[in-house]
>>> print(open('protein-v4.txt').read())   # compact mmCIF, C-alpha atoms
# COMPACT_ATOMS: atom_id res chain seq x y z
CA MET D 686 38.49 343.36 221.97
CA ILE D 687 38.27 340.02 220.19
CA ASP D 688 34.87 340.86 218.75
CA ALA D 689 36.23 344.12 217.32
CA HIS D 690 39.13 342.19 215.82
CA LEU D 691 36.73 339.68 214.23
CA ARG D 692 34.64 342.50 212.79
CA ASP D 693 37.77 343.98 211.24
CA LEU D 694 38.68 340.63 209.66
CA ALA D 695 35.15 340.13 208.36
CA GLY D 696 35.24 343.55 206.74
CA ARG D 697 38.36 342.62 204.76
CA SER D 698 37.50 339.14 203.48
CA PRO D 699 34.28 338.03 201.76
CA ALA D 700 34.97 334.40 202.79
CA LEU D 701 35.26 335.37 206.44
CA ARG D 702 32.45 337.92 206.28
CA GLU D 703 29.94 335.30 205.19
CA LEU D 704 30.87 333.07 208.12
CA LEU D 705 31.38 335.67 210.84
CA ASP D 706 28.24 337.64 209.98
CA ALA D 707 26.13 334.56 210.69
CA THR D 708 24.31 334.51 214.02
CA GLU D 709 25.74 332.53 216.91
CA GLN D 710 22.99 329.96 216.47
CA GLU D 711 23.75 329.62 212.75
CA GLN D 712 27.44 329.17 213.50
CA GLN D 713 26.64 326.51 216.09
CA GLU D 714 24.33 324.68 213.71
CA SER D 715 27.04 324.70 211.03
CA GLY D 716 29.61 323.53 213.57
CA TYR D 717 32.32 326.17 213.17
CA GLU D 718 31.60 328.68 215.95
CA HIS D 719 34.64 327.88 218.09
CA THR D 720 37.21 326.89 215.46
CA LEU D 721 36.87 330.00 213.32
CA ARG D 722 36.97 332.32 216.31
CA GLU D 723 39.98 330.52 217.73
CA ILE D 724 41.90 330.72 214.46
CA CYS D 725 41.08 334.37 213.97
CA GLN D 726 41.74 335.47 217.55
CA GLN D 727 45.40 334.46 217.46
CA PRO D 728 46.91 337.86 216.58
CA SER D 729 45.06 339.34 219.56
CA THR D 730 46.20 336.66 222.01
CA TRP D 731 49.90 336.53 221.11
CA PRO D 732 50.86 339.87 222.75
CA ALA D 733 49.06 338.74 225.92
CA THR D 734 51.19 335.60 225.98
CA ALA D 735 54.33 337.70 225.52
CA ALA D 736 53.24 339.86 228.46
CA THR D 737 52.60 336.78 230.61
CA THR D 738 56.05 335.37 229.91
CA ALA D 739 57.63 338.74 230.63
CA LEU D 740 55.92 338.83 234.04
CA ARG D 741 57.18 335.30 234.80
CA SER D 742 60.67 335.81 233.38
CA GLY D 743 62.26 335.58 236.81
CA ALA D 744 60.72 332.19 237.56
CA LEU D 745 61.52 330.96 234.05
CA GLY D 746 65.11 332.07 234.44
CA ALA D 747 65.37 330.22 237.75
CA ALA D 748 64.06 327.06 236.08
CA LEU D 749 66.78 327.33 233.42
CA GLU D 750 69.69 328.25 235.71
CA GLY D 751 72.47 325.70 235.37
CA VAL D 752 70.40 323.40 233.18
CA GLN D 753 72.46 321.04 230.99
CA ALA D 754 69.69 319.77 228.70
CA LEU D 755 66.21 320.77 227.65
CA VAL D 756 63.32 318.43 226.82
CA PHE D 757 59.90 319.38 225.48
CA THR D 758 57.26 316.73 225.90
CA GLY D 759 53.64 316.43 224.84
CA SER D 760 51.42 314.37 222.59
CA GLY D 761 50.02 315.10 219.13
CA SER D 762 49.96 318.84 218.47
CA SER D 763 51.66 319.54 221.79
CA LEU D 764 54.65 317.46 220.68
CA TYR D 765 54.79 319.33 217.38
CA ALA D 766 54.81 322.60 219.33
CA GLY D 767 57.94 321.33 221.05
CA GLU D 768 59.43 320.43 217.68
CA CYS D 769 58.93 324.05 216.59
CA LEU D 770 60.98 325.15 219.61
CA VAL D 771 63.87 322.71 219.88
CA PRO D 772 66.05 323.98 217.00
CA VAL D 773 65.92 327.64 217.93
CA LEU D 774 66.27 327.14 221.70
CA ALA D 775 69.23 324.80 221.31
CA GLY D 776 70.97 327.66 219.53
CA ASP D 777 69.83 330.37 221.93
CA LEU D 778 70.66 328.47 225.13
CA ARG D 779 73.69 326.53 223.82
CA ILE D 780 72.50 323.27 225.37
CA PRO D 781 71.16 320.05 223.86
CA ALA D 782 67.40 320.22 223.28
CA GLU D 783 64.98 317.49 222.23
CA ALA D 784 61.25 316.99 221.74
CA ILE D 785 60.05 313.67 223.17
CA GLY D 786 56.52 312.32 222.92
CA GLY D 787 54.69 311.68 226.16
CA GLY D 788 54.09 308.16 224.91
CA ASP D 789 57.86 307.61 224.52
CA ILE D 790 58.37 308.53 228.16
CA LEU D 791 55.57 306.20 229.27
CA THR D 792 56.93 303.25 227.28
CA ARG D 793 60.64 303.77 227.85
CA GLY D 794 60.80 305.66 231.12
CA ALA D 795 64.07 307.18 232.25
CA ALA D 796 65.88 305.58 229.30
CA ARG D 797 64.34 308.25 227.08
CA ILE D 798 65.65 311.21 229.07
CA PRO D 799 69.08 312.71 228.22
CA PRO D 800 71.76 311.72 230.76
CA LEU D 801 72.89 315.31 231.22
CA GLN D 802 71.55 316.69 234.50
CA PRO D 803 69.98 318.84 235.63
CA CYS D 804 67.56 318.60 232.71
CA LEU D 805 64.53 320.85 232.36
CA VAL D 806 61.47 318.96 231.15
CA VAL D 807 58.84 321.29 229.67
CA SER D 808 55.40 319.69 229.44
CA LEU D 809 53.18 321.29 226.81
CA ALA D 810 49.42 320.68 226.99
CA ARG D 811 46.27 322.55 225.99
CA SER D 812 44.03 321.08 228.71
CA GLY D 813 46.55 319.21 230.82
CA ASP D 814 43.93 316.50 231.29
CA SER D 815 45.08 313.96 228.67
CA PRO D 816 46.30 310.69 230.23
CA GLU D 817 49.94 311.19 229.22
CA SER D 818 50.21 314.73 230.60
CA CYS D 819 50.46 313.86 234.29
CA ALA D 820 51.50 310.21 233.87
CA ALA D 821 54.76 311.23 232.18
CA VAL D 822 55.47 313.82 234.89
CA ASP D 823 54.68 311.35 237.67
CA LEU D 824 57.03 308.75 236.17
CA LEU D 825 59.90 311.22 235.89
CA LEU D 826 59.33 312.59 239.38
CA SER D 827 59.75 309.09 240.76
CA THR D 828 62.67 307.95 238.59
CA GLU D 829 64.56 311.12 237.67
CA PRO D 830 64.66 313.35 240.76
CA ALA D 831 67.36 315.58 239.25
CA CYS D 832 64.99 316.72 236.51
CA ARG D 833 63.30 320.07 236.84
CA HIS D 834 59.82 320.58 235.45
CA LEU D 835 57.92 323.39 233.75
CA ALA D 836 54.35 323.04 232.54
CA ILE D 837 53.05 325.35 229.82
CA THR D 838 49.29 324.91 229.61
CA CYS D 839 46.16 326.78 228.61
CA ASN D 840 43.90 325.39 231.32
CA ALA D 841 44.27 326.79 234.85
CA LYS D 842 41.99 324.04 236.21
CA GLY D 843 43.63 321.12 234.39
CA ARG D 844 45.45 318.37 236.26
CA LEU D 845 48.82 319.45 234.88
CA ALA D 846 48.36 322.93 236.35
CA MET D 847 46.81 321.79 239.65
CA ASN D 848 48.47 318.53 240.68
CA TYR D 849 51.97 319.84 241.37
CA LEU D 850 51.42 323.15 243.11
CA ARG D 851 53.45 321.97 246.12
CA THR D 852 55.98 319.84 244.24
CA PRO D 853 59.56 321.12 244.63
CA GLY D 854 61.24 321.90 241.33
CA PHE D 855 57.95 322.11 239.43
CA ARG D 856 56.77 325.39 237.91
CA SER D 857 53.71 326.20 235.82
CA LEU D 858 53.04 328.84 233.19
CA VAL D 859 49.29 329.09 232.60
CA LEU D 860 48.28 331.10 229.54
CA ASP D 861 45.23 333.29 228.98
CA GLY D 862 42.01 331.29 229.26
CA ARG D 863 41.01 332.34 225.74
CA THR D 864 43.73 330.05 224.41
CA ASN D 865 42.11 326.95 225.95
CA ASP D 866 40.41 326.11 222.64
CA ARG D 867 36.91 324.68 222.87
CA SER D 868 37.12 323.19 219.36
CA LEU D 869 38.29 319.62 218.96
CA VAL D 870 41.36 320.83 217.05
CA MET D 871 44.12 322.87 218.63
CA THR D 872 44.66 326.23 216.97
CA SER D 873 45.26 329.26 219.20
CA SER D 874 46.47 326.99 222.00
CA PHE D 875 49.20 325.67 219.71
CA THR D 876 50.62 328.99 218.59
CA ASN D 877 50.45 330.53 222.06
CA MET D 878 52.29 327.59 223.64
CA VAL D 879 54.96 327.92 220.95
CA LEU D 880 55.38 331.61 221.70
CA ALA D 881 55.49 330.99 225.45
CA GLY D 882 58.17 328.34 224.97
CA ARG D 883 60.11 330.56 222.58
CA ALA D 884 60.46 333.12 225.35
CA LEU D 885 62.82 330.75 227.19
CA GLY D 886 65.52 331.76 224.74
CA MET D 887 64.80 335.47 225.11
CA LEU D 888 64.66 335.98 228.87
CA GLY D 889 67.47 338.52 228.82
CA ARG D 890 65.87 340.37 225.89
CA MET D 891 62.19 340.50 226.78
CA ASP D 892 61.60 343.94 225.23
CA ALA D 893 63.01 342.66 221.93
CA TRP D 894 60.92 339.50 222.26
CA ARG D 895 57.69 341.44 222.82
CA ALA D 896 58.51 343.59 219.79
CA THR D 897 58.99 340.42 217.70
CA VAL D 898 55.65 339.04 218.91
CA ASP D 899 53.98 342.32 217.96
CA ARG D 900 55.47 341.98 214.47
CA LEU D 901 54.20 338.40 214.21
CA ALA D 902 50.76 339.50 215.36
CA ASP D 903 50.70 342.32 212.79
CA ALA D 904 51.72 339.83 210.09
CA ALA D 905 48.94 337.42 211.09
CA ARG D 906 46.42 340.26 211.03
CA GLU D 907 47.29 340.72 207.37
CA ILE D 908 47.60 337.03 206.47
CA ILE D 909 44.22 335.95 207.81
CA PRO D 910 41.95 338.37 205.93
CA GLY D 911 44.40 338.90 203.07
CA HIS D 912 44.59 335.23 202.07
CA ALA D 913 41.44 333.65 203.47
CA ASP D 914 39.58 334.02 200.17
CA ALA D 915 42.38 332.45 198.11
CA LEU D 916 42.81 329.60 200.61
CA ALA D 917 39.04 329.04 200.69
CA GLY D 918 39.08 328.78 196.90
CA ALA D 919 42.00 326.36 196.96
CA ALA D 920 40.23 324.25 199.58
CA ARG D 921 37.32 323.72 197.20
CA ARG D 922 39.59 322.23 194.53
CA GLY D 923 39.59 318.48 194.03
CA PHE D 924 42.79 317.49 195.80
CA ARG D 925 42.75 314.23 197.78
CA SER D 926 46.17 314.45 199.42
CA ALA D 927 48.50 317.17 200.67
CA VAL D 928 52.23 317.32 201.36
CA TYR D 929 53.70 319.98 203.66
CA LEU D 930 57.33 320.91 203.00
CA ALA D 931 59.69 322.70 205.38
CA SER D 932 63.29 322.73 206.54
CA TRP D 933 64.77 322.51 210.02
CA MET D 934 63.20 325.20 212.24
CA ARG D 935 59.95 325.14 210.27
CA PHE D 936 59.47 321.36 210.14
CA GLY D 937 57.44 321.23 213.37
CA ALA D 938 55.01 323.66 211.72
CA ALA D 939 54.76 321.37 208.69
CA ARG D 940 53.92 318.47 210.98
CA GLU D 941 51.21 320.47 212.72
CA ALA D 942 49.74 321.85 209.48
CA ALA D 943 49.55 318.32 208.06
CA LEU D 944 47.80 317.12 211.20
CA LYS D 945 45.27 319.96 211.03
CA MET D 946 44.25 318.93 207.51
CA LEU D 947 44.07 315.26 208.55
CA GLU D 948 42.00 315.99 211.67
CA MET D 949 39.63 318.50 210.12
CA THR D 950 38.82 316.26 207.16
CA ALA D 951 38.46 313.13 209.33
CA GLY D 952 41.24 311.52 207.31
CA ARG D 953 39.55 312.02 203.94
CA ILE D 954 42.58 314.03 202.80
CA HIS D 955 45.76 312.02 203.22
CA THR D 956 48.59 314.22 204.44
CA PHE D 957 52.27 313.96 205.21
CA PRO D 958 55.05 316.39 206.17
CA GLU D 959 58.49 316.14 204.62
CA THR D 960 61.66 318.17 204.29
CA PHE D 961 62.37 319.74 200.91
CA LEU D 962 65.50 317.66 200.42
CA GLY D 963 63.88 314.53 201.83
CA LEU D 964 61.05 314.64 199.30
CA ARG D 965 63.34 313.39 196.51
CA HIS D 966 64.14 310.18 198.41
CA GLY D 967 60.94 308.30 197.70
CA PRO D 968 58.10 310.51 198.96
CA MET D 969 58.02 312.48 195.69
CA SER D 970 56.42 309.39 194.15
CA SER D 971 53.24 310.20 196.09
CA VAL D 972 52.87 313.73 194.66
CA HIS D 973 50.19 313.29 192.00
CA GLU D 974 47.80 315.44 190.00
CA ASP D 975 45.43 315.50 192.98
CA THR D 976 48.07 316.50 195.59
CA ALA D 977 48.22 319.96 197.14
CA VAL D 978 51.81 321.03 197.88
CA VAL D 979 52.27 323.46 200.77
CA CYS D 980 55.75 325.02 200.97
CA PHE D 981 57.05 326.93 203.98
CA LEU D 982 59.92 328.88 202.43
CA SER D 983 62.97 329.60 204.59
CA SER D 984 64.47 333.05 204.96
CA ALA D 985 67.97 331.53 205.42
CA ALA D 986 69.90 331.81 202.15
CA THR D 987 71.35 328.30 201.93
CA ALA D 988 68.18 326.45 202.93
CA ARG D 989 66.15 328.69 200.66
CA ALA D 990 68.37 327.90 197.67
CA TYR D 991 67.79 324.17 198.11
CA GLU D 992 64.07 324.72 198.62
CA LEU D 993 63.69 326.78 195.46
CA ASP D 994 65.55 324.12 193.49
CA LEU D 995 63.10 321.49 194.71
CA ILE D 996 60.06 323.65 193.95
CA ARG D 997 61.34 324.27 190.42
CA GLU D 998 61.88 320.52 190.01
CA LEU D 999 58.27 319.87 191.01
CA ASP D 1000 57.14 322.44 188.45
CA ARG D 1001 59.39 320.98 185.74
CA LYS D 1002 57.94 317.53 186.39
CA GLU D 1003 54.41 319.01 186.56
CA LEU D 1004 53.79 317.42 189.94
CA GLY D 1005 50.95 318.47 192.22
CA ALA D 1006 47.56 320.05 191.69
CA PHE D 1007 48.70 323.44 192.98
CA LYS D 1008 51.10 324.98 195.50
CA VAL D 1009 50.65 327.21 198.51
CA VAL D 1010 53.98 328.95 199.11
CA ALA D 1011 54.40 330.88 202.38
CA GLY D 1012 57.41 333.00 203.30
CA GLU D 1013 59.16 336.26 202.56
CA LYS D 1014 60.13 337.54 199.11
CA ILE D 1015 58.53 334.71 197.14
CA PRO D 1016 59.99 334.64 193.59
CA ASP D 1017 57.45 334.99 190.82
CA ASP D 1018 59.07 332.25 188.74
CA ILE D 1019 58.14 329.46 191.21
CA LEU D 1020 54.43 330.21 190.92
CA ARG D 1021 52.34 328.42 188.32
CA PRO D 1022 48.78 329.44 187.41
CA GLY D 1023 46.55 328.50 190.32
CA ASP D 1024 49.32 328.68 192.93
CA ILE D 1025 48.94 330.86 196.03
CA ALA D 1026 51.69 333.07 197.47
CA VAL D 1027 51.37 334.03 201.13
CA ASN D 1028 54.00 336.72 201.63
CA TYR D 1029 55.48 337.34 205.09
CA PRO D 1030 57.15 340.59 206.16
CA GLU D 1031 60.89 340.65 205.61
CA GLY D 1032 63.27 340.24 208.51
CA LEU D 1033 61.46 337.61 210.58
CA ALA D 1034 63.72 334.71 211.53
CA ASP D 1035 62.88 331.09 210.76
CA GLY D 1036 62.84 330.39 214.50
CA ASP D 1037 59.93 332.80 214.94
CA THR D 1038 57.76 332.20 211.87
CA PRO D 1039 56.39 328.68 212.56
CA VAL D 1040 53.35 330.33 214.16
CA LEU D 1041 52.60 332.06 210.85
CA ASP D 1042 53.08 328.82 208.92
CA VAL D 1043 50.60 327.10 211.20
CA VAL D 1044 47.99 329.84 210.72
CA VAL D 1045 48.19 329.27 206.95
CA GLY D 1046 47.76 325.54 207.53
CA GLN D 1047 44.84 326.10 209.88
CA LEU D 1048 42.96 328.24 207.36
CA LEU D 1049 43.45 325.79 204.50
CA ALA D 1050 42.29 322.90 206.71
CA PHE D 1051 39.29 324.84 208.05
CA PHE D 1052 37.99 325.64 204.59
CA ARG D 1053 38.65 322.11 203.33
CA CYS D 1054 36.70 320.76 206.29
CA ARG D 1055 33.76 322.93 205.26
CA ALA D 1056 34.14 321.84 201.63
CA GLU D 1057 33.91 318.21 202.78
CA GLY D 1058 30.62 318.98 204.52
CA LEU D 1059 32.12 318.39 207.98
CA ARG D 1060 31.87 320.45 211.17
CA PRO D 1061 35.21 322.08 212.12
CA ASP D 1062 34.36 322.15 215.84
CA ALA D 1063 33.88 318.37 215.82
CA PRO D 1064 34.96 316.94 212.45
CA SER D 1065 35.21 313.36 213.73
CA GLU D 1066 31.59 312.43 213.06
CA SER D 1067 31.65 309.15 214.99
CA ASN D 1068 33.82 310.57 217.82
CA VAL D 1069 36.81 308.46 216.86
CA ILE D 1070 38.86 311.30 218.33
CA THR D 1071 37.77 313.75 221.01
CA ARG D 1072 38.96 317.09 222.32
CA VAL D 1073 40.70 315.40 225.28
CA VAL D 1074 42.03 311.89 224.74
CA GLU D 1075 39.88 309.42 226.66
CA PRO D 1076 41.45 307.71 229.70
CA PHE D 1077 43.57 304.63 229.13
CA LYS D 1078 45.52 302.31 231.42
CA ILE D 1079 48.97 303.49 232.46
CA HIS D 1080 51.48 300.63 232.71
CA ALA D 1081 54.50 300.78 235.00
CA VAL D 1082 57.96 300.57 233.46
CA PRO D 1083 59.90 297.86 235.30
CA ALA D 1084 63.02 299.06 237.11
CA GLY D 1085 66.06 298.85 234.87
CA GLU D 1086 64.09 298.31 231.67
CA ALA D 1087 65.62 300.11 228.66
CA GLN D 1088 64.58 299.66 225.05
>>> encode(input="protein-v4.txt", output="structure tokens")
Amino acid sequence: MIDAHLRDLAGRSPALRELLDATEQEQQESGYEHTLREICQQPSTWPATAATTALRSGALGAALEGVQALVFTGSGSSLYAGECLVPVLAGDLRIPAEAIGGGDILTRGAARIPPLQPCLVVSLARSGDSPESCAAVDLLLSTEPACRHLAITCNAKGRLAMNYLRTPGFRSLVLDGRTNDRSLVMTSSFTNMVLAGRALGMLGRMDAWRATVDRLADAAREIIPGHADALAGAARRGFRSAVYLASWMRFGAAREAALKMLEMTAGRIHTFPETFLGLRHGPMSSVHEDTAVVCFLSSAATARAYELDLIRELDRKELGAFKVVAGEKIPDDILRPGDIAVNYPEGLADGDTPVLDVVVGQLLAFFRCRAEGLRPDAPSESNVITRVVEPFKIHAVPAGEAQ
């Protein structure tokens, strides 16, 4: 099924055709075999994740019953996945929701957990084997017994999925093995964990949720081949930094897209995420003639009005090398020569479209990685970073310590 999907994409994009038509050995030698497949397979994996969450809706509902607060925890991309989820789930579930880094839990312990109990702590992890994944859970199990736990992971054999099978109050949601990316960078694992987490706010409307996921998958099937060539061309331009702009529900996607560019270029392209309104307060000074500006445009009228004002200000001041603008109904007047418009279907809510934003960011980063002469599957040439963070010492938090 995935191979047929890849063939379809290759047939619709010269940039993808050149890469996907290469033999497996050629792809391995060029170092992109896993990353490209894992980016492109996402529209085919999302409906499977929706089906998995539908099958587990009873267990997920039990985990949420009576919960007073919701915490998503993870590290790096996994934390940003939680940041994509917090705004929309706080509204859906009508409870406080927060994304907390695994490192924050390790350094601050119970002081970092909301006082409202019971609290559901959702641990997000691709492999579940990074040091923080289980260490944070172990700490909370010993210090916060009222907390409930849910692990969303892509690795059925990882420690996060295996270590707590007999632990009361701990549930696991293991996604399709295809989402356990083999590339150094997280791509399909990220979007599938976001969609699995998003289902927590749709448990009473699973048919509607699966229909929304199908719409997102259809949109991604058009975005990937429809814009790969333009994004590949943009990636070859001489920008040395990139800013990713988004508001509220889309800001987690901006954080992840910025990280993808940073990781895949081994830090050669300096990146930062910012809100549209926040850019004026100092960060705009770093938008130069060699800065790519990536804008995730809201579908909400008020946020969109502010965003368009900021984009027009950037154009008036002639800031940035070019823009990539992604969203629905993109106005022609905000596009300068050389800008790229990635149009989304109308009617998708901001709480659902971060996965599309991230796909755009993944493609731009992938092609820039290639333009830099790096290997997307392992862009860190000296292994400064690795697919799974190497083990490090876990320090105990003294009883009563709060910072």
>>> residues_around(input="protein-v4.txt", residues="Val822 (chain D)", least_positions_apart="5", cutoff="9 Å", atoms="all atoms listed in the file", output="list in words")
Val806, Ser808, Glu817, Ser827, His834 and Leu845 of chain D
>>> closest_atom_pairs(input="protein-v4.txt", of="region 693-762 of chain D", to="region 917-937 of chain D", cutoff="10 Å", atoms="only C-alpha atoms", output="tab-separated table")
residue	atom	partner	partner_atom	distance
D:Ala700	CA	D:Ala917	CA	7.1
D:Leu701	CA	D:Ala917	CA	9.3
D:Ser762	CA	D:Gly937	CA	9.4
>>> closest_atom_pairs(input="protein-v4.txt", of="region 919-997 of chain D", to="region 1004-1025 of chain D", cutoff="9 Å", atoms="all atoms listed in the file", output="CSV")
residue,atom,partner,partner_atom,distance
D:Ala919,CA,D:Phe1007,CA,8.3
D:Arg922,CA,D:Ala1006,CA,8.7
D:Gly923,CA,D:Ala1006,CA,8.5
D:Phe924,CA,D:Ala1006,CA,6.8
D:Ala927,CA,D:Gly1005,CA,8.9
D:Met969,CA,D:Leu1004,CA,8.7
D:Val972,CA,D:Gly1005,CA,5.7
D:His973,CA,D:Gly1005,CA,5.2
D:Glu974,CA,D:Gly1005,CA,4.9
D:Asp975,CA,D:Ala1006,CA,5.2
D:Thr976,CA,D:Gly1005,CA,4.9
D:Ala977,CA,D:Phe1007,CA,5.4
D:Val978,CA,D:Lys1008,CA,4.7
D:Val979,CA,D:Val1009,CA,4.7
D:Cys980,CA,D:Val1010,CA,4.7
D:Phe981,CA,D:Ala1011,CA,5.0
D:Leu982,CA,D:Gly1012,CA,4.9
D:Ser983,CA,D:Gly1012,CA,6.6
D:Ser984,CA,D:Glu1013,CA,6.7
D:Leu993,CA,D:Ile1019,CA,7.5
D:Ile996,CA,D:Ile1019,CA,6.7
D:Arg997,CA,D:Ile1019,CA,6.1
>>> write_last_selection(input="protein-v4.txt", atoms="C-alpha atoms", output="short mmCIF file (atom, residue, chain, number, x, y, z; two decimals), in the coordinates of the input")
data_model
loop_
_atom_site.label_atom_id
_atom_site.label_comp_id
_atom_site.auth_asym_id
_atom_site.auth_seq_id
_atom_site.Cartn_x
_atom_site.Cartn_y
_atom_site.Cartn_z
CA ALA D 919 42.00 326.36 196.96
CA ARG D 922 39.59 322.23 194.53
CA GLY D 923 39.59 318.48 194.03
CA PHE D 924 42.79 317.49 195.80
CA ALA D 927 48.50 317.17 200.67
CA MET D 969 58.02 312.48 195.69
CA VAL D 972 52.87 313.73 194.66
CA HIS D 973 50.19 313.29 192.00
CA GLU D 974 47.80 315.44 190.00
CA ASP D 975 45.43 315.50 192.98
CA THR D 976 48.07 316.50 195.59
CA ALA D 977 48.22 319.96 197.14
CA VAL D 978 51.81 321.03 197.88
CA VAL D 979 52.27 323.46 200.77
CA CYS D 980 55.75 325.02 200.97
CA PHE D 981 57.05 326.93 203.98
CA LEU D 982 59.92 328.88 202.43
CA SER D 983 62.97 329.60 204.59
CA SER D 984 64.47 333.05 204.96
CA LEU D 993 63.69 326.78 195.46
CA ILE D 996 60.06 323.65 193.95
CA ARG D 997 61.34 324.27 190.42
#
>>> axis_aligned_box(input="protein-v4.txt", around="region 944-953 of chain D", padding_each_side="5 Å", output="lines of an AutoDock Vina configuration file")
center_x = 43.1
center_y = 315.7
center_z = 207.8
size_x = 19.3
size_y = 18.4
size_z = 17.7
>>> closest_residue(input="protein-v4.txt", among="D:Leu835, D:Leu721, D:Ala748, D:Met887", to="Pro1061 (chain D)", atoms="all atoms listed in the file")
D:Leu721
>>> atom_distance(input="protein-v4.txt", atom1="CA of Ala821 (chain D)", atom2="CA of Gly761 (chain D)")
14.4 Å
>>> residues_around(input="protein-v4.txt", residues="region 770-777 of chain D", least_positions_apart="6", cutoff="8 Å", atoms="only C-alpha atoms", output="list in words")
Phe757, Glu783, Ala784, Val879, Gly882, Arg883, Leu885, Gly886, Met887, Trp933, Met934 and Gly1036 of chain D
>>> atom_distance(input="protein-v4.txt", atom1="CA of Val756 (chain D)", atom2="CA of Leu791 (chain D)")
14.7 Å
>>> atom_distance(input="protein-v4.txt", atom1="CA of Ala810 (chain D)", atom2="CA of Cys839 (chain D)")
7.1 Å
>>> residues_near_point(input="protein-v4.txt", point="(51.7, 311.1, 230.9)", cutoff="12 Å", atoms="all atoms listed in the file", output="VMD selection string")
chain D and resid 758 to 760 785 to 794 808 to 810 813 to 826 844 to 845 1074 1076 to 1081
>>> closest_residue(input="protein-v4.txt", among="D:Leu705, D:Gly696, D:Val898, D:Ala739", to="Ala1034 (chain D)", atoms="only C-alpha atoms")
D:Val898
>>> closest_atom_pairs(input="protein-v4.txt", of="region 873-957 of chain D", to="region 722-725 of chain D", cutoff="12 Å", atoms="all atoms listed in the file", output="Markdown table")
| residue | atom | partner | partner_atom | distance |
| --- | --- | --- | --- | --- |
| D:Ser873 | CA | D:Glu723 | CA | 5.6 |
| D:Ser874 | CA | D:Glu723 | CA | 8.5 |
| D:Phe875 | CA | D:Ile724 | CA | 10.3 |
| D:Thr876 | CA | D:Ile724 | CA | 9.8 |
| D:Asn877 | CA | D:Glu723 | CA | 11.3 |
| D:Ala902 | CA | D:Cys725 | CA | 11.0 |
| D:Ala905 | CA | D:Cys725 | CA | 8.9 |
| D:Arg906 | CA | D:Cys725 | CA | 8.5 |
| D:Glu907 | CA | D:Cys725 | CA | 11.1 |
| D:Ile908 | CA | D:Cys725 | CA | 10.3 |
| D:Ile909 | CA | D:Cys725 | CA | 7.1 |
| D:Pro910 | CA | D:Cys725 | CA | 9.0 |
| D:Ala913 | CA | D:Cys725 | CA | 10.5 |
| D:Lys945 | CA | D:Ile724 | CA | 11.8 |
>>> residues_near_point(input="protein-v4.txt", point="(62.8, 327.3, 232.0)", cutoff="10 Å", atoms="all atoms listed in the file", output="ChimeraX atom specification")
/D:742-750,752,755,804-807,833-836,856-858,882,884-886,888
>>> closest_residue(input="protein-v4.txt", among="D:Leu740, D:Ala939, D:Ala695, D:Ala1056", to="Met891 (chain D)", atoms="only C-alpha atoms")
D:Leu740
>>> closest_residue(input="protein-v4.txt", among="D:Ala943, D:Leu995, D:Ala915, D:Val1040", to="Pro728 (chain D)", atoms="all atoms listed in the file")
D:Val1040
>>> decode(input="protein-v4.txt", residues="region 870-895 of chain D", atoms="C-alpha atoms", output="short mmCIF file (atom, residue, chain, number, x, y, z; two decimals), in the first residue's frame")
data_model
loop_
_atom_site.label_atom_id
_atom_site.label_comp_id
_atom_site.auth_asym_id
_atom_site.auth_seq_id
_atom_site.Cartn_x
_atom_site.Cartn_y
_atom_site.Cartn_z
CA VAL D 870 14.61 12.92 12.64
CA MET D 871 11.02 12.38 13.71
CA THR D 872 8.52 12.85 10.91
CA SER D 873 5.64 10.36 10.64
CA SER D 874 6.00 9.51 14.34
CA PHE D 875 5.37 13.16 15.20
CA THR D 876 2.20 13.65 13.19
CA ASN D 877 0.74 10.29 14.19
CA MET D 878 1.31 10.95 17.90
CA VAL D 879 -0.39 14.34 17.48
CA LEU D 880 -3.39 12.72 15.83
CA ALA D 881 -3.58 9.99 18.48
CA GLY D 882 -3.50 12.62 21.22
CA ARG D 883 -6.07 14.76 19.43
CA ALA D 884 -8.52 11.87 19.64
CA LEU D 885 -8.74 12.40 23.41
CA GLY D 886 -10.98 15.38 22.72
CA MET D 887 -13.15 13.48 20.25
CA LEU D 888 -13.96 10.24 22.08
CA GLY D 889 -17.69 10.86 21.89
CA ARG D 890 -17.46 11.75 18.19
CA MET D 891 -15.13 9.15 16.76
CA ASP D 892 -16.92 8.92 13.39
CA ALA D 893 -16.52 12.68 12.97
CA TRP D 894 -12.89 12.42 14.06
CA ARG D 895 -12.09 9.69 11.53
#
